[in-house]
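Asks: Input structure: coords_21.cif, which contains mmCIF, C-alpha atoms (C1' of nucleotides).
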data_coords
loop_
_atom_site.label_atom_id
_atom_site.label_comp_id
_atom_site.auth_asym_id
_atom_site.auth_seq_id
_atom_site.Cartn_x
_atom_site.Cartn_y
_atom_site.Cartn_z
CA MET A 92 33.54 -3.82 -4.37
CA ALA A 93 31.38 -3.95 -7.43
CA ALA A 94 29.86 -7.34 -6.92
CA PRO A 95 30.20 -9.17 -10.22
CA ASN A 96 27.72 -11.97 -9.78
CA ASN A 97 28.83 -15.53 -9.78
CA ARG A 98 27.89 -16.22 -13.36
CA PRO A 99 24.84 -14.29 -14.58
CA SER A 100 25.53 -11.98 -17.49
CA PRO A 101 28.41 -13.12 -19.73
CA LYS A 102 29.02 -9.61 -20.98
CA PRO A 103 28.13 -6.49 -19.08
CA THR A 104 25.34 -4.79 -20.94
CA GLY A 105 24.59 -1.11 -20.65
CA LEU A 106 22.09 -2.09 -18.07
CA ASP A 107 24.63 -3.85 -15.92
CA CYS A 108 27.05 -0.99 -16.28
CA ARG A 109 24.44 1.34 -14.98
CA LEU A 110 23.70 -1.00 -12.14
CA ALA A 111 27.38 -1.39 -11.35
CA VAL A 112 28.14 2.30 -11.40
CA LEU A 113 25.12 3.64 -9.60
CA GLY A 114 24.61 0.82 -7.14
CA ALA A 115 28.24 0.30 -6.40
CA ASP A 116 27.71 -0.69 -2.81
CA MET A 117 24.75 -2.92 -3.49
CA ARG A 118 24.89 -6.62 -4.05
CA LEU A 119 23.54 -7.23 -7.53
CA THR A 120 21.47 -10.35 -7.20
CA PRO A 121 19.58 -11.92 -10.11
CA HIS A 122 16.28 -10.82 -8.66
CA ARG A 123 17.40 -7.24 -8.32
CA ARG A 124 18.70 -7.29 -11.86
CA GLU A 125 15.42 -8.57 -13.18
CA VAL A 126 13.35 -6.13 -11.23
CA PHE A 127 15.51 -3.36 -12.57
CA GLN A 128 15.38 -4.76 -16.09
CA VAL A 129 11.60 -4.87 -16.02
CA LEU A 130 11.54 -1.22 -15.05
CA ALA A 131 14.20 -0.31 -17.60
CA GLU A 132 12.05 -1.87 -20.31
CA SER A 133 8.86 -0.19 -19.14
CA THR A 134 7.72 3.30 -19.88
CA ASP A 135 4.38 2.99 -18.16
CA HIS A 136 5.41 3.43 -14.55
CA PRO A 137 4.20 0.09 -13.24
CA THR A 138 3.08 -0.50 -9.67
CA ALA A 139 4.89 -2.95 -7.42
CA TYR A 140 2.31 -5.55 -8.25
CA GLU A 141 2.67 -5.00 -11.98
CA VAL A 142 6.42 -5.33 -11.63
CA PHE A 143 5.83 -8.53 -9.70
CA ASN A 144 3.71 -9.91 -12.55
CA ARG A 145 6.27 -9.02 -15.18
CA VAL A 146 9.21 -10.39 -13.24
CA GLN A 147 7.35 -13.64 -12.72
CA ASP A 148 7.71 -14.39 -16.44
CA ARG A 149 11.45 -14.69 -15.90
CA SER A 150 11.61 -15.73 -12.27
CA PRO A 151 8.45 -17.74 -11.64
CA GLY A 152 9.33 -18.33 -8.01
CA ILE A 153 9.81 -14.74 -6.96
CA SER A 154 7.60 -13.44 -4.19
CA LEU A 155 5.87 -10.11 -3.91
CA ALA A 156 7.85 -9.40 -0.75
CA THR A 157 11.08 -9.82 -2.67
CA VAL A 158 9.87 -7.46 -5.37
CA TYR A 159 9.12 -4.91 -2.68
CA ASN A 160 12.55 -5.48 -1.19
CA CYS A 161 14.25 -5.11 -4.55
CA LEU A 162 12.31 -1.99 -5.41
CA GLU A 163 13.25 -0.47 -2.09
CA HIS A 164 16.93 -1.30 -2.46
CA LEU A 165 17.10 -0.08 -6.01
CA THR A 166 15.31 3.11 -5.04
CA ASN A 167 17.58 3.68 -2.04
CA HIS A 168 20.61 3.21 -4.23
CA GLY A 169 19.40 5.75 -6.72
CA LEU A 170 18.64 3.31 -9.52
CA LEU A 171 14.91 3.86 -9.51
CA ARG A 172 12.51 6.62 -8.68
CA GLN A 173 9.39 6.00 -6.68
CA VAL A 174 6.45 7.93 -8.08
CA ASN A 175 3.53 8.79 -5.83
CA LEU A 176 0.50 10.30 -7.47
CA ASP A 177 -2.35 10.90 -5.08
CA ARG A 178 -2.84 8.03 -2.71
CA GLY A 179 -2.81 4.47 -3.87
CA GLN A 180 -0.09 2.25 -5.15
CA SER A 181 3.36 3.66 -5.65
CA ARG A 182 4.70 3.48 -9.15
CA TYR A 183 8.29 3.03 -10.18
CA CYS A 184 10.37 4.63 -12.87
CA ALA A 185 13.84 3.83 -14.17
CA ASN A 186 14.18 7.13 -15.97
CA LEU A 187 16.79 8.92 -13.94
CA HIS A 188 16.99 11.98 -16.12
CA GLU A 189 15.56 15.04 -14.49
CA HIS A 190 11.90 14.96 -15.31
CA VAL A 191 8.43 15.34 -13.87
CA HIS A 192 5.31 13.27 -14.27
CA PHE A 193 2.16 13.98 -16.14
CA TYR A 194 -0.86 12.08 -14.90
CA CYS A 195 -3.93 11.71 -17.09
CA GLU A 196 -6.88 11.87 -14.74
CA THR A 197 -9.10 10.24 -17.33
CA CYS A 198 -7.21 7.13 -18.40
CA GLY A 199 -4.65 6.95 -15.62
CA LYS A 200 -1.68 7.02 -17.95
CA VAL A 201 1.56 8.44 -16.54
CA LEU A 202 3.98 10.20 -18.85
CA ASP A 203 7.43 11.59 -18.29
CA ALA A 204 7.83 15.24 -19.09
CA LEU A 205 11.34 16.50 -19.62
CA PRO A 206 12.33 19.99 -18.62
CA SER A 207 12.50 22.30 -21.59
CA ALA A 208 14.06 25.16 -19.70
CA GLU A 209 16.20 25.92 -16.71
CA PHE A 210 14.12 25.78 -13.62
CA ASP A 211 14.78 27.02 -10.13
CA PRO A 212 11.99 26.34 -7.63
CA ALA A 213 13.17 29.07 -5.30
CA LYS A 214 12.58 31.53 -8.10
CA PHE A 215 8.92 30.71 -8.45
CA TRP A 216 7.85 30.03 -4.92
CA SER A 217 8.75 32.15 -1.97
CA LEU A 218 10.42 30.01 0.66
CA PRO A 219 11.64 31.28 4.03
CA PRO A 220 15.26 32.42 3.89
CA GLY A 221 17.67 29.66 4.83
CA THR A 222 15.50 26.93 3.41
CA LYS A 223 17.45 24.29 1.56
CA VAL A 224 15.87 22.66 -1.47
CA ALA A 225 16.87 19.03 -2.01
CA ARG A 226 14.51 17.97 -4.72
CA LEU A 227 11.36 18.92 -6.51
CA ASP A 228 8.46 16.59 -6.92
CA VAL A 229 6.13 17.76 -9.64
CA ALA A 230 2.99 16.01 -10.85
CA ILE A 231 1.06 17.66 -13.62
CA HIS A 232 -2.55 16.52 -13.61
CA GLY A 233 -4.75 16.80 -16.63
CA ALA A 234 -5.90 15.03 -19.76
CA CYS A 235 -3.57 13.34 -22.20
CA THR A 236 -3.77 14.05 -25.92
CA THR A 237 -6.17 11.17 -26.59
CA CYS A 238 -8.48 11.85 -23.69
CA ALA A 239 -8.49 15.60 -24.28
CA ALA A 240 -9.47 15.02 -27.91
CA LYS A 241 -12.22 12.61 -26.94
CA ARG A 242 -13.63 15.05 -24.46
CA ALA A 243 -13.62 17.84 -27.03
CA GLU A 244 -15.81 15.81 -29.39
CA PRO A 245 -19.40 17.02 -29.58
CA ALA A 246 -20.76 13.47 -29.51
CA ASP A 247 -21.05 13.36 -25.76
CA ALA A 248 -23.17 16.06 -24.17
CA THR A 249 -21.84 15.36 -20.69
CA ALA A 250 -18.44 16.42 -21.86
CA ALA A 251 -19.42 20.04 -21.43
CA CYS A 252 -18.45 19.88 -17.78
CA GLN A 253 -15.53 22.24 -17.91
CA GLY A 254 -13.00 24.00 -20.06
CA MET B 192 -25.15 9.34 20.03
CA ALA B 193 -25.86 12.92 20.97
CA ALA B 194 -25.89 14.76 17.72
CA PRO B 195 -27.00 18.35 18.11
CA ASN B 196 -27.87 18.52 14.47
CA ASN B 197 -31.00 20.48 15.15
CA ARG B 198 -29.18 23.76 15.44
CA PRO B 199 -28.06 25.51 12.27
CA SER B 200 -25.43 28.23 12.41
CA PRO B 201 -26.64 31.37 14.21
CA LYS B 202 -25.12 33.93 11.88
CA PRO B 203 -22.99 33.38 8.80
CA THR B 204 -19.41 34.22 9.65
CA GLY B 205 -16.75 34.72 7.01
CA LEU B 206 -16.08 31.05 7.38
CA ASP B 207 -19.69 30.17 6.72
CA CYS B 208 -19.84 32.49 3.77
CA ARG B 209 -16.94 30.70 2.26
CA LEU B 210 -18.57 27.39 2.95
CA ALA B 211 -21.84 28.64 1.52
CA VAL B 212 -20.33 30.05 -1.64
CA LEU B 213 -17.89 27.31 -2.46
CA GLY B 214 -19.89 24.36 -1.26
CA ALA B 215 -23.17 25.62 -2.61
CA ASP B 216 -24.58 22.21 -3.33
CA MET B 217 -23.38 20.63 -0.13
CA ARG B 218 -25.39 20.29 3.01
CA LEU B 219 -23.54 22.17 5.71
CA THR B 220 -23.84 20.01 8.78
CA PRO B 221 -22.29 20.95 12.12
CA HIS B 222 -19.68 18.24 11.76
CA ARG B 223 -18.65 19.44 8.35
CA ARG B 224 -18.44 22.98 9.64
CA GLU B 225 -16.25 21.94 12.52
CA VAL B 226 -13.96 19.85 10.40
CA PHE B 227 -13.57 22.77 8.07
CA GLN B 228 -13.07 25.18 10.96
CA VAL B 229 -10.31 23.04 12.42
CA LEU B 230 -8.53 23.12 9.09
CA ALA B 231 -9.14 26.83 8.63
CA GLU B 232 -7.49 27.46 12.00
CA SER B 233 -4.53 25.19 11.29
CA THR B 234 -1.43 25.99 9.33
CA ASP B 235 0.31 22.70 9.96
CA HIS B 236 -1.45 20.50 7.44
CA PRO B 237 -2.89 17.97 9.87
CA THR B 238 -3.62 14.37 8.98
CA ALA B 239 -7.13 12.95 9.14
CA TYR B 240 -6.37 11.56 12.56
CA GLU B 241 -5.05 14.87 13.82
CA VAL B 242 -8.18 16.57 12.52
CA PHE B 243 -10.20 13.91 14.32
CA ASN B 244 -8.42 14.69 17.59
CA ARG B 245 -8.93 18.40 17.23
CA VAL B 246 -12.58 18.14 16.27
CA GLN B 247 -13.21 15.91 19.28
CA ASP B 248 -12.63 18.90 21.55
CA ARG B 249 -15.78 20.46 20.14
CA SER B 250 -17.77 17.39 19.13
CA PRO B 251 -16.73 14.67 21.57
CA GLY B 252 -18.99 12.12 19.94
CA ILE B 253 -17.66 12.41 16.41
CA SER B 254 -16.20 9.30 14.85
CA LEU B 255 -13.12 8.94 12.70
CA ALA B 256 -15.29 7.68 9.86
CA THR B 257 -17.28 10.89 9.96
CA VAL B 258 -14.12 12.94 9.87
CA TYR B 259 -13.05 11.01 6.80
CA ASN B 260 -16.48 11.55 5.25
CA CYS B 261 -16.37 15.26 5.98
CA LEU B 262 -12.84 15.62 4.66
CA GLU B 263 -13.83 13.85 1.48
CA HIS B 264 -16.92 15.95 0.95
CA LEU B 265 -15.16 19.21 1.68
CA THR B 266 -12.33 18.23 -0.65
CA ASN B 267 -14.72 17.19 -3.41
CA HIS B 268 -16.52 20.49 -3.09
CA GLY B 269 -13.34 22.44 -3.41
CA LEU B 270 -13.20 23.68 0.17
CA LEU B 271 -10.09 21.76 1.13
CA ARG B 272 -7.00 20.46 -0.57
CA GLN B 273 -5.71 17.01 0.10
CA VAL B 274 -1.93 16.98 0.33
CA ASN B 275 -0.03 13.79 -0.39
CA LEU B 276 3.67 13.82 0.31
CA ASP B 277 5.32 10.50 -0.34
CA ARG B 278 3.25 7.63 0.96
CA GLY B 279 1.65 7.74 4.33
CA GLN B 280 -1.22 9.69 5.75
CA SER B 281 -2.86 12.32 3.62
CA ARG B 282 -2.76 15.81 4.99
CA TYR B 283 -5.35 18.48 4.55
CA CYS B 284 -5.10 22.16 3.86
CA ALA B 285 -7.70 24.90 3.86
CA ASN B 286 -5.48 27.35 2.04
CA LEU B 287 -7.13 27.59 -1.34
CA HIS B 288 -4.82 30.22 -2.72
CA GLU B 289 -2.56 28.92 -5.42
CA HIS B 290 0.43 27.53 -3.60
CA VAL B 291 2.75 24.56 -3.38
CA HIS B 292 4.08 22.63 -0.42
CA PHE B 293 7.49 22.55 1.09
CA TYR B 294 8.26 19.43 3.07
CA CYS B 295 11.13 19.38 5.54
CA GLU B 296 12.62 15.93 5.31
CA THR B 297 14.28 16.36 8.68
CA CYS B 298 11.50 17.48 10.99
CA GLY B 299 8.49 16.65 8.83
CA LYS B 300 7.09 20.15 8.86
CA VAL B 301 4.96 21.17 5.88
CA LEU B 302 4.93 24.78 4.77
CA ASP B 303 2.92 26.58 2.15
CA ALA B 304 4.96 28.34 -0.48
CA LEU B 305 3.20 31.04 -2.46
CA PRO B 306 4.10 31.66 -6.07
CA SER B 307 6.32 34.67 -6.44
CA ALA B 308 6.12 34.77 -10.21
CA GLU B 309 3.90 33.78 -13.08
CA PHE B 310 4.28 30.13 -13.74
CA ASP B 311 3.19 28.05 -16.67
CA PRO B 312 4.00 24.34 -16.39
CA ALA B 313 3.78 23.84 -20.13
CA LYS B 314 6.61 26.32 -20.49
CA PHE B 315 9.02 24.34 -18.40
CA TRP B 316 8.17 20.79 -19.20
CA SER B 317 7.61 19.49 -22.67
CA LEU B 318 4.23 17.82 -22.87
CA PRO B 319 2.81 16.15 -25.98
CA PRO B 320 0.76 18.57 -28.07
CA GLY B 321 -2.93 18.48 -27.21
CA THR B 322 -2.28 17.72 -23.56
CA LYS B 323 -4.55 19.61 -21.21
CA VAL B 324 -3.19 20.72 -17.86
CA ALA B 325 -5.74 20.79 -15.07
CA ARG B 326 -3.57 21.35 -12.06
CA LEU B 327 -0.04 21.25 -10.85
CA ASP B 328 1.01 19.36 -7.78
CA VAL B 329 4.36 20.51 -6.54
CA ALA B 330 6.17 19.30 -3.46
CA ILE B 331 9.51 20.87 -2.67
CA HIS B 332 11.57 18.57 -0.49
CA GLY B 333 14.43 19.84 1.58
CA ALA B 334 15.38 21.25 4.95
CA CYS B 335 13.52 24.07 6.64
CA THR B 336 15.37 27.09 8.00
CA THR B 337 15.80 25.60 11.46
CA CYS B 338 16.93 22.17 10.32
CA ALA B 339 19.23 23.58 7.65
CA ALA B 340 20.89 25.80 10.26
CA LYS B 341 21.33 22.89 12.67
CA ARG B 342 22.91 20.80 10.00
CA ALA B 343 25.30 23.55 9.04
CA GLU B 344 26.66 23.78 12.60
CA PRO B 345 30.17 22.39 12.96
CA ALA B 346 29.25 20.57 16.18
CA ASP B 347 28.12 17.48 14.36
CA ALA B 348 30.63 15.86 12.08
CA THR B 349 28.05 13.70 10.39
CA ALA B 350 26.45 16.82 9.03
CA ALA B 351 28.96 16.92 6.22
CA CYS B 352 26.86 14.53 4.21
CA GLN B 353 25.98 16.83 1.38
CA GLY B 354 26.00 20.39 0.24
"C1'" DT C 183 -47.16 13.15 10.65
"C1'" DC C 184 -45.04 10.23 7.10
"C1'" DT C 185 -41.76 9.63 3.63
"C1'" DT C 186 -37.49 10.13 1.48
"C1'" DG C 187 -32.92 10.74 1.40
"C1'" DC C 188 -28.68 12.33 3.21
"C1'" DT C 189 -25.69 11.93 7.53
"C1'" DT C 190 -23.58 9.62 11.22
"C1'" DT C 191 -21.73 5.79 13.69
"C1'" DA C 192 -19.15 1.52 15.11
"C1'" DG C 193 -16.99 -1.92 13.57
"C1'" DA C 194 -15.67 -4.87 9.85
"C1'" DA C 195 -13.25 -5.11 5.62
"C1'" DT C 196 -9.85 -3.84 2.34
"C1'" DC C 197 -5.59 -2.86 0.40
"C1'" DA C 198 -0.86 -1.67 -0.08
"C1'" DT C 199 2.96 -2.24 2.30
"C1'" DT C 200 6.09 -3.81 5.91
"C1'" DC C 201 7.64 -7.08 9.18
"C1'" DT C 202 9.10 -11.69 11.06
"C1'" DC C 203 11.72 -15.37 10.93
"C1'" DA C 204 13.22 -19.65 9.10
"C1'" DT C 205 15.65 -20.88 5.10
"C1'" DT C 206 18.78 -20.25 1.30
"C1'" DC C 207 22.41 -18.02 -0.98
"C1'" DT C 208 26.86 -15.36 -1.55
"C1'" DA C 209 31.58 -14.09 -0.95
"C1'" DA C 210 35.62 -14.80 1.31
"C1'" DG C 211 38.82 -17.55 3.94
"C1'" DG C 212 40.90 -21.98 4.74
"C1'" DC D 67 35.95 -28.33 -1.79
"C1'" DC D 68 34.26 -26.86 3.08
"C1'" DT D 69 33.00 -23.40 6.44
"C1'" DT D 70 31.10 -19.28 7.99
"C1'" DA D 71 29.14 -14.67 8.59
"C1'" DG D 72 26.02 -11.98 6.85
"C1'" DA D 73 22.75 -10.66 3.23
"C1'" DA D 74 18.70 -12.06 0.45
"C1'" DT D 75 14.55 -14.56 -0.01
"C1'" DG D 76 9.80 -16.37 0.74
"C1'" DA D 77 5.44 -17.27 3.07
"C1'" DG D 78 2.47 -15.56 5.76
"C1'" DA D 79 1.29 -12.51 9.57
"C1'" DA D 80 0.93 -7.84 10.96
"C1'" DT D 81 0.25 -3.06 10.33
"C1'" DG D 82 -1.93 1.13 9.33
"C1'" DA D 83 -4.60 4.21 6.59
"C1'" DT D 84 -8.67 4.33 4.51
"C1'" DT D 85 -13.16 2.72 2.87
"C1'" DC D 86 -17.25 0.05 3.29
"C1'" DT D 87 -21.53 -1.77 5.58
"C1'" DA D 88 -25.56 -1.80 8.01
"C1'" DA D 89 -28.23 0.32 11.21
"C1'" DA D 90 -29.90 4.32 13.26
"C1'" DG D 91 -30.56 9.75 13.17
"C1'" DC D 92 -32.11 13.92 11.44
"C1'" DA D 93 -34.21 17.45 8.00
"C1'" DA D 94 -37.28 18.89 4.71
"C1'" DG D 95 -41.11 18.30 1.84
"C1'" DA D 96 -45.73 16.05 0.87
#
Show me this structure written as structure tokens.

Replies:
Amino acid sequence: MAAPNNRPSPKPTGLDCRLAVLGADMRLTPHRREVFQVLAESTDHPTAYEVFNRVQDRSPGISLATVYNCLEHLTNHGLLRQVNLDRGQSRYCANLHEHVHFYCETCGKVLDALPSAEFDPAKFWSLPPGTKVARLDVAIHGACTTCAAKRAEPADATAACQG
Amino acid sequence: MAAPNNRPSPKPTGLDCRLAVLGADMRLTPHRREVFQVLAESTDHPTAYEVFNRVQDRSPGISLATVYNCLEHLTNHGLLRQVNLDRGQSRYCANLHEHVHFYCETCGKVLDALPSAEFDPAKFWSLPPGTKVARLDVAIHGACTTCAAKRAEPADATAACQG
DNA sequence: TCTTGCTTTAGAATCATTCTCATTCTAAGG
DNA sequence: CCTTAGAATGAGAATGATTCTAAAGCAAGA
């Protein structure tokens, strides 16, 4: 059953609705709610450790292991997306709309990029017949608006590295 | 510690040409050549450890650290591509043609998928104006021909998980 | 030959993540 | 309210991939 917690939220917010609907078979503990809430309020794709730091403001006693557990559960239940760019720490994202990630190689910022057109991977890349596509993981690497502008400035001679 | 470094390549093969042209400013040591050769002969996107094992057949004394060094250098000089699918070991790929990777979530196989049509990321995903795209990292997750066929068989009832 | 600097090596160190296990909490039944 | 089974939590250990360190090795130029 949808596990309405013992007493936490007096009125189900949009957030809780989402949690209730999508994670129907998951026990919604306060920690999980707060981990999710932190992600829902973030647009910067925080790492597990950053989530840990932010959740600590509300739940000072929470442990990093619990944050990892919560992130894993929420991800497994389709409430979060794990974002892996290169090697290094995983990042997490509560934006469940179909989107891809843009990674600024200069400042490290990660942006969501929404699809602006219909897109069928099988149309653009030749896969062996019979292959079944489950999901597409796209990371666009480059320079964000700010960094691209900075690099274009004539002030720095070393900027002439490449187009 | 037997390092037969005193012997440069006898005659430049196609492989060496490629190494010479692309890695112009890189010293081409025997170990680097062999690491590259192993990758050039592989189509299965081996991990660093798998490369290590294969290189050991030719250079029994090579260390894992050296393999990592070589992989890093070759990657930095544009002779190899590092492939990161989810978290876990990086894989390496000597196919420098524009392509993306298909990852079979059932058997773990990684296939190259060549573009079958012109493709402009900025056309399909809305990026802020001024953004500069350097490269696209696409991983198509799904089931390869063999695994998809197995799953479709009526023998296993649990296969009905999803379409 | 001597110097200088890159390469290689073994092992230690690092870092993110996962695991272990004792403890605590939750939901349901009495 | 009390009990109980099972899930969640926390602290710290363990893991595993990768990187770093320090000490040789080797190559090319002076």

Asks: Counting all atoms listed in the file, which residues of chain B fall within 6 Å of chain A, and what is the closest atom pair for each with its distance in Å at one decimal, ordered by chain and rising number, as a tab-separated table?

Replies:
residue	atom	partner	partner_atom	distance
B:Asn275	CA	A:Asp177	CA	6.0
B:Ala304	CA	A:Trp216	CA	5.6
B:Leu305	CA	A:Trp216	CA	5.4
B:Pro306	CA	A:Trp216	CA	4.2
B:Ser307	CA	A:Trp216	CA	5.1
B:Ala308	CA	A:Phe215	CA	5.2
B:Phe315	CA	A:Ser207	CA	5.1
B:Trp316	CA	A:Pro206	CA	4.3
B:Ser317	CA	A:Ala204	CA	5.6
B:Leu318	CA	A:Ala204	CA	5.8
B:Gly321	CA	A:Thr236	CA	4.7
B:Thr322	CA	A:Thr236	CA	4.6
B:Lys323	CA	A:Ala234	CA	5.0
B:Val324	CA	A:Gly233	CA	4.4
B:Ala325	CA	A:Gly233	CA	4.4
B:Arg326	CA	A:His232	CA	5.2
B:Leu327	CA	A:Ile231	CA	4.7
B:Asp328	CA	A:Ala230	CA	5.0
B:Val329	CA	A:Val229	CA	4.5
B:Ala330	CA	A:Asp228	CA	5.0
B:Ile331	CA	A:Leu227	CA	4.7
B:His332	CA	A:Arg226	CA	5.2
B:Gly333	CA	A:Val224	CA	4.4
B:Ala334	CA	A:Lys223	CA	5.0
B:Cys335	CA	A:Thr222	CA	4.7
B:Thr336	CA	A:Thr222	CA	4.6

Asks: Next, dump the selected residues to file, keeping only C-alpha atoms, as a PDB file, keeping the file's coordinate frame.

Replies:
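Generated file (selection35.pdb):
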ATOM      1  CA  ASN B 275      -0.030  13.790  -0.390  1.00  0.00           C
ATOM      2  CA  ALA B 304       4.960  28.340  -0.480  1.00  0.00           C
ATOM      3  CA  LEU B 305       3.200  31.040  -2.460  1.00  0.00           C
ATOM      4  CA  PRO B 306       4.100  31.660  -6.070  1.00  0.00           C
ATOM      5  CA  SER B 307       6.320  34.670  -6.440  1.00  0.00           C
ATOM      6  CA  ALA B 308       6.120  34.770 -10.210  1.00  0.00           C
ATOM      7  CA  PHE B 315       9.020  24.340 -18.400  1.00  0.00           C
ATOM      8  CA  TRP B 316       8.170  20.790 -19.200  1.00  0.00           C
ATOM      9  CA  SER B 317       7.610  19.490 -22.670  1.00  0.00           C
ATOM     10  CA  LEU B 318       4.230  17.820 -22.870  1.00  0.00           C
ATOM     11  CA  GLY B 321      -2.930  18.480 -27.210  1.00  0.00           C
ATOM     12  CA  THR B 322      -2.280  17.720 -23.560  1.00  0.00           C
ATOM     13  CA  LYS B 323      -4.550  19.610 -21.210  1.00  0.00           C
ATOM     14  CA  VAL B 324      -3.190  20.720 -17.860  1.00  0.00           C
ATOM     15  CA  ALA B 325      -5.740  20.790 -15.070  1.00  0.00           C
ATOM     16  CA  ARG B 326      -3.570  21.350 -12.060  1.00  0.00           C
ATOM     17  CA  LEU B 327      -0.040  21.250 -10.850  1.00  0.00           C
ATOM     18  CA  ASP B 328       1.010  19.360  -7.780  1.00  0.00           C
ATOM     19  CA  VAL B 329       4.360  20.510  -6.540  1.00  0.00           C
ATOM     20  CA  ALA B 330       6.170  19.300  -3.460  1.00  0.00           C
ATOM     21  CA  ILE B 331       9.510  20.870  -2.670  1.00  0.00           C
ATOM     22  CA  HIS B 332      11.570  18.570  -0.490  1.00  0.00           C
ATOM     23  CA  GLY B 333      14.430  19.840   1.580  1.00  0.00           C
ATOM     24  CA  ALA B 334      15.380  21.250   4.950  1.00  0.00           C
ATOM     25  CA  CYS B 335      13.520  24.070   6.640  1.00  0.00           C
ATOM     26  CA  THR B 336      15.370  27.090   8.000  1.00  0.00           C
TER      27      THR B 336
END

Asks: May I have the residues of chain D within 10 Å of chain B, counting all atoms listed in the file, written as a list in words?

Replies: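 Taken together, these residues fit the definition: DG82, DA83, DT84, DT85, DA90, DG91, DC92 and DA93 of chain D.
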
Asks: Can you spit out the residues from that selection as a compact mmCIF listing (two decimals), keeping the file's coordinate frame, using C-alpha atoms (C1' of nucleotides)?

Replies:
# COMPACT_ATOMS: atom_id res chain seq x y z
C1' DG D 82 -1.93 1.13 9.33
C1' DA D 83 -4.60 4.21 6.59
C1' DT D 84 -8.67 4.33 4.51
C1' DT D 85 -13.16 2.72 2.87
C1' DA D 90 -29.90 4.32 13.26
C1' DG D 91 -30.56 9.75 13.17
C1' DC D 92 -32.11 13.92 11.44
C1' DA D 93 -34.21 17.45 8.00

Asks: If we draw a sphere of 8 Å around (13.5, -9.9, -16.0), which residues have at least one atom in it when counting only C-alpha atoms (C1' of nucleotides)? Please report them as a PyMOL selection string.

Replies: chain A and resi 122+124-129+145-150

Asks: Counting all atoms listed in the file, which residues of chain C come no farther than 10 Å from chain B, as number ranges by chain?

Replies: C: 188-192, 199

Asks: Hey, can you check how far CA of Ala185 in chain A sits from CA of Leu165 in chain A?

Replies: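 Taking CA of Ala185 in chain A and CA of Leu165 in chain A, their separation equals 9.6 Å.
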
Asks: What's the 12 Å shell around DA71 in chain D, counting all atoms listed in the file, without same-chain residues fewer than 4 positions away, as a list of chain:residue names?

Replies: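 So the residues in contact are C:DT208, C:DA209, C:DA210, C:DG211.
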
Asks: Suppose we keep C-alpha atoms (C1' of nucleotides); can you now write the selection as a tab-separated table (two decimals), keeping the file's coordinate frame?

Replies:
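Wrote again_22.tsv, looks like this:
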chain	number	residue	atom	x	y	z
C	208	DT	C1'	26.86	-15.36	-1.55
C	209	DA	C1'	31.58	-14.09	-0.95
C	210	DA	C1'	35.62	-14.80	1.31
C	211	DG	C1'	38.82	-17.55	3.94

Asks: Any idea what the distance is between C1' of DA79 in chain D and CA of Pro121 in chain A?

Replies: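 A separation of 26.9 Å between them.
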
Asks: Which polymer residues, whether protein, DNA or RNA, lie within 10 Å of the coordinate (-19.4, -3.4, 4.8) when you count only C-alpha atoms (C1' of nucleotides)? List them as a list in words, using the chain letters and numbers from the file.

Replies: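 Every polymer residue passing the test: DG193, DA194, DA195 and DT196 of chain C; DT85, DC86, DT87 and DA88 of chain D.
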
Asks: At what distance in Å, to one decimal, does CA of Leu287 in chain B lie from CA of Leu262 in chain B?

Replies: 14.6 Å
